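Engineer: This structure is in structure tokens; I'll ask about it shortly.
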Amino acid sequence: MNHAGRNGPEGPTAPADPWFDWLTSRRHGGDPGFEQSVRRTVESYRNRVLDGAQLAEGMTLLDVGAGDGLIAFGAIARVGPSLKVILADISAALLQRAEAVAWQLGVQDSCVFLQGSAERLEAVPEASADVVTTRAVLAYVQDKAAAAREFRRVLKPGGRISLAEPIYRDESLNLARLAEFVDRRPADPSTLDARLFLRWKGAQLPATPADIRASPLTNFTERDLITFFEDAGFGETHLELHIDMRKAVAVPWDTFLATAHHPQVPTVREILARRFTVEERRYFEAQMRPVVEAGQIMNRDMIAYLTAVKPK
């Protein structure tokens, strides 16, 4: 784990990586209007995480998977400059971007930037943080139990965690059931829509039992989150599972094609090019484009909000 600069965002520019590319472009398809819509949604998640953090002046906050500083800068805005924030992320490019934002906001003296993963926070001393936060981070961590132990190690006695994690397991299990249905009817013309849907969604999430068990995105439930932190030695623990069914924002077709559901998956355009024939792409567009541009796609969001306290 490396410290980023404290005297301004100087030195060579870190190379872009999948995390940087997704957060700065592929998440919203490079569409500024859609980017603002996405930002409002993730800010609502951020606000719930900060509510659970119970921050106060003079505290030290460790934000793991800090990205572009969404939680960190929101925390400083709430508490004030006496809050010390450690922004940790595996992406050097995102840390460099966050540091530039910190200087733009004039909060650089409240920030420290560290490169590293949730499971390995060696540069953070034991019992040095009052609060640890994450948002959509553990879903990409293979060893979540190790991350939970690291969070406990770096927290002071009486310190707390506050996190928000997407739960994708049910969605993947539904895809696996659809795959079984389609496999039983390989030549049935009536399954065309199901097969194309599975090919599209199956490029974004695991769709077989073995892949579901192996993927960090889908190998856990909200109940497992509680177990990870209880086993790590946390005391008071509270979890709320929020399930929201809502229509997606209407976006131009080109924006939809340029978006990627996760940092580690292709864009819709790349999925169509790799997995669909020319005729299938035309059929897919004919069916989906009116729905996308009218904002009629229904999304199901499952977010687990968890807080827990390290015993004194």
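Chain labels A, B, ... are given in the sequence in which chains occur in the structure tokens; within each chain residues are numbered consecutively from 1, and ligands are likewise numbered from 1 in the order shown.
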Which residues in range 113-235 of chain A does DSSP call strand (DSSP E or B)? List them as a list in words.
Structural biologist: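 Listing strand (DSSP E or B) positions across range 113-235 of chain A yields Phe113, Leu114, Gln115, Ser117, Arg120, Ala129, Asp130, Val131, Val132, Thr133, Thr134, Arg135, Leu155, Lys156, Pro157, Gly158, Gly159, Arg160, Ile161, Ser162, Leu163, Ala164, Glu165 and Pro166 of chain A.
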Engineer: Those same residues, written as an mmCIF file, in the first residue's frame with N, CA and C atoms?
Structural biologist:
```cif
data_model
loop_
_atom_site.group_PDB
_atom_site.id
_atom_site.type_symbol
_atom_site.label_atom_id
_atom_site.label_comp_id
_atom_site.auth_asym_id
_atom_site.auth_seq_id
_atom_site.Cartn_x
_atom_site.Cartn_y
_atom_site.Cartn_z
ATOM 1 N N PHE A 113 -4.167 9.680 1.174
ATOM 2 C CA PHE A 113 -4.529 8.779 0.080
ATOM 3 C C PHE A 113 -3.615 7.556 0.118
ATOM 4 N N LEU A 114 -4.226 6.376 0.171
ATOM 5 C CA LEU A 114 -3.468 5.133 0.286
ATOM 6 C C LEU A 114 -3.930 4.138 -0.770
ATOM 7 N N GLN A 115 -2.993 3.520 -1.452
ATOM 8 C CA GLN A 115 -3.340 2.495 -2.432
ATOM 9 C C GLN A 115 -3.264 1.127 -1.784
ATOM 10 N N SER A 117 -5.879 -2.839 -1.001
ATOM 11 C CA SER A 117 -7.153 -3.545 -1.078
ATOM 12 C C SER A 117 -7.794 -3.659 0.297
ATOM 13 N N ARG A 120 -6.149 -6.063 2.719
ATOM 14 C CA ARG A 120 -4.768 -5.789 3.143
ATOM 15 C C ARG A 120 -4.597 -4.286 3.320
ATOM 16 N N ALA A 129 -8.519 4.186 13.508
ATOM 17 C CA ALA A 129 -9.680 4.821 12.885
ATOM 18 C C ALA A 129 -10.892 4.747 13.811
ATOM 19 N N ASP A 130 -11.690 5.791 13.767
ATOM 20 C CA ASP A 130 -12.948 5.790 14.526
ATOM 21 C C ASP A 130 -14.070 5.114 13.746
ATOM 22 N N VAL A 131 -14.020 5.243 12.415
ATOM 23 C CA VAL A 131 -15.075 4.712 11.550
ATOM 24 C C VAL A 131 -14.447 4.163 10.276
ATOM 25 N N VAL A 132 -14.993 3.046 9.788
ATOM 26 C CA VAL A 132 -14.652 2.508 8.470
ATOM 27 C C VAL A 132 -15.927 2.488 7.639
ATOM 28 N N THR A 133 -15.835 2.990 6.408
ATOM 29 C CA THR A 133 -16.981 2.972 5.500
ATOM 30 C C THR A 133 -16.604 2.283 4.196
ATOM 31 N N THR A 134 -17.607 1.692 3.557
ATOM 32 C CA THR A 134 -17.470 1.193 2.188
ATOM 33 C C THR A 134 -18.813 1.340 1.490
ATOM 34 N N ARG A 135 -18.759 1.393 0.171
ATOM 35 C CA ARG A 135 -19.972 1.325 -0.644
ATOM 36 C C ARG A 135 -19.664 0.553 -1.911
ATOM 37 N N LEU A 155 -9.807 -0.392 13.518
ATOM 38 C CA LEU A 155 -10.721 0.422 14.311
ATOM 39 C C LEU A 155 -10.271 0.522 15.763
ATOM 40 N N LYS A 156 -10.526 1.679 16.342
ATOM 41 C CA LYS A 156 -10.337 1.854 17.774
ATOM 42 C C LYS A 156 -11.421 1.070 18.517
ATOM 43 N N PRO A 157 -11.176 0.677 19.772
ATOM 44 C CA PRO A 157 -12.257 0.088 20.568
ATOM 45 C C PRO A 157 -13.457 1.035 20.611
ATOM 46 N N GLY A 158 -14.621 0.497 20.345
ATOM 47 C CA GLY A 158 -15.821 1.323 20.265
ATOM 48 C C GLY A 158 -16.050 1.926 18.897
ATOM 49 N N GLY A 159 -15.105 1.735 17.961
ATOM 50 C CA GLY A 159 -15.276 2.239 16.600
ATOM 51 C C GLY A 159 -16.332 1.449 15.850
ATOM 52 N N ARG A 160 -16.767 1.991 14.719
ATOM 53 C CA ARG A 160 -17.876 1.359 14.011
ATOM 54 C C ARG A 160 -17.623 1.311 12.507
ATOM 55 N N ILE A 161 -18.305 0.388 11.870
ATOM 56 C CA ILE A 161 -18.322 0.323 10.416
ATOM 57 C C ILE A 161 -19.707 0.726 9.936
ATOM 58 N N SER A 162 -19.748 1.270 8.733
ATOM 59 C CA SER A 162 -21.013 1.559 8.072
ATOM 60 C C SER A 162 -20.809 1.308 6.587
ATOM 61 N N LEU A 163 -21.580 0.391 6.028
ATOM 62 C CA LEU A 163 -21.356 0.016 4.643
ATOM 63 C C LEU A 163 -22.675 -0.204 3.915
ATOM 64 N N ALA A 164 -22.594 -0.139 2.593
ATOM 65 C CA ALA A 164 -23.715 -0.465 1.712
ATOM 66 C C ALA A 164 -23.186 -1.393 0.633
ATOM 67 N N GLU A 165 -23.810 -2.549 0.488
ATOM 68 C CA GLU A 165 -23.363 -3.520 -0.499
ATOM 69 C C GLU A 165 -24.538 -4.014 -1.338
ATOM 70 N N PRO A 166 -24.371 -4.063 -2.654
ATOM 71 C CA PRO A 166 -25.419 -4.641 -3.507
ATOM 72 C C PRO A 166 -25.469 -6.153 -3.334
#
```
Engineer: What lies within 8 Å of Asp21 in chain A using only C-alpha atoms, ignoring chain neighbours under 5 positions off, as number ranges by chain?
Structural biologist: A: 16, 26, 263
Engineer: Could you pull out the residues in range 135-193 of chain A that DSSP calls alpha helix (DSSP H) from the backbone, as a PDB file with C-alpha atoms, in the first residue's frame?
Structural biologist:
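Final file, part-v6.pdb:
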```pdb
ATOM      1  CA  LYS A 144     -14.733 -10.888   2.581  1.00  0.00           C
ATOM      2  CA  ALA A 145     -13.958 -12.479   5.945  1.00  0.00           C
ATOM      3  CA  ALA A 146     -10.364 -11.199   5.696  1.00  0.00           C
ATOM      4  CA  ALA A 147     -11.651  -7.709   4.911  1.00  0.00           C
ATOM      5  CA  ALA A 148     -13.930  -7.832   7.956  1.00  0.00           C
ATOM      6  CA  ARG A 149     -10.960  -8.772  10.149  1.00  0.00           C
ATOM      7  CA  GLU A 150      -8.911  -5.914   8.720  1.00  0.00           C
ATOM      8  CA  PHE A 151     -11.716  -3.461   9.416  1.00  0.00           C
ATOM      9  CA  ARG A 152     -11.803  -4.596  13.032  1.00  0.00           C
ATOM     10  CA  ARG A 153      -8.013  -4.377  13.340  1.00  0.00           C
ATOM     11  CA  VAL A 154      -7.788  -0.760  12.190  1.00  0.00           C
ATOM     12  CA  ARG A 169     -27.321 -13.528  -5.696  1.00  0.00           C
ATOM     13  CA  ASP A 170     -31.080 -13.698  -6.326  1.00  0.00           C
ATOM     14  CA  GLU A 171     -30.698 -12.124  -9.758  1.00  0.00           C
ATOM     15  CA  SER A 172     -28.041 -14.659 -10.703  1.00  0.00           C
ATOM     16  CA  LEU A 173     -30.108 -17.567  -9.392  1.00  0.00           C
ATOM     17  CA  ASN A 174     -32.981 -16.386 -11.595  1.00  0.00           C
ATOM     18  CA  LEU A 175     -30.621 -16.346 -14.568  1.00  0.00           C
ATOM     19  CA  ALA A 176     -29.491 -19.886 -13.756  1.00  0.00           C
ATOM     20  CA  ARG A 177     -33.115 -21.060 -13.676  1.00  0.00           C
ATOM     21  CA  LEU A 178     -33.751 -19.339 -16.999  1.00  0.00           C
ATOM     22  CA  ALA A 179     -30.671 -21.053 -18.447  1.00  0.00           C
ATOM     23  CA  GLU A 180     -32.008 -24.451 -17.383  1.00  0.00           C
ATOM     24  CA  PHE A 181     -35.359 -23.644 -19.011  1.00  0.00           C
ATOM     25  CA  VAL A 182     -33.719 -22.581 -22.275  1.00  0.00           C
ATOM     26  CA  ASP A 183     -31.383 -25.584 -22.320  1.00  0.00           C
ATOM     27  CA  LEU A 192     -35.753 -16.673 -28.660  1.00  0.00           C
ATOM     28  CA  ASP A 193     -36.462 -13.706 -26.377  1.00  0.00           C
TER      29      ASP A 193
END
```
Engineer: Between CA of Arg275 in chain A and CA of Arg289 in chain A, what distance in Å does the model show, to one decimal?
Structural biologist: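 It comes out at 18.0 Å.
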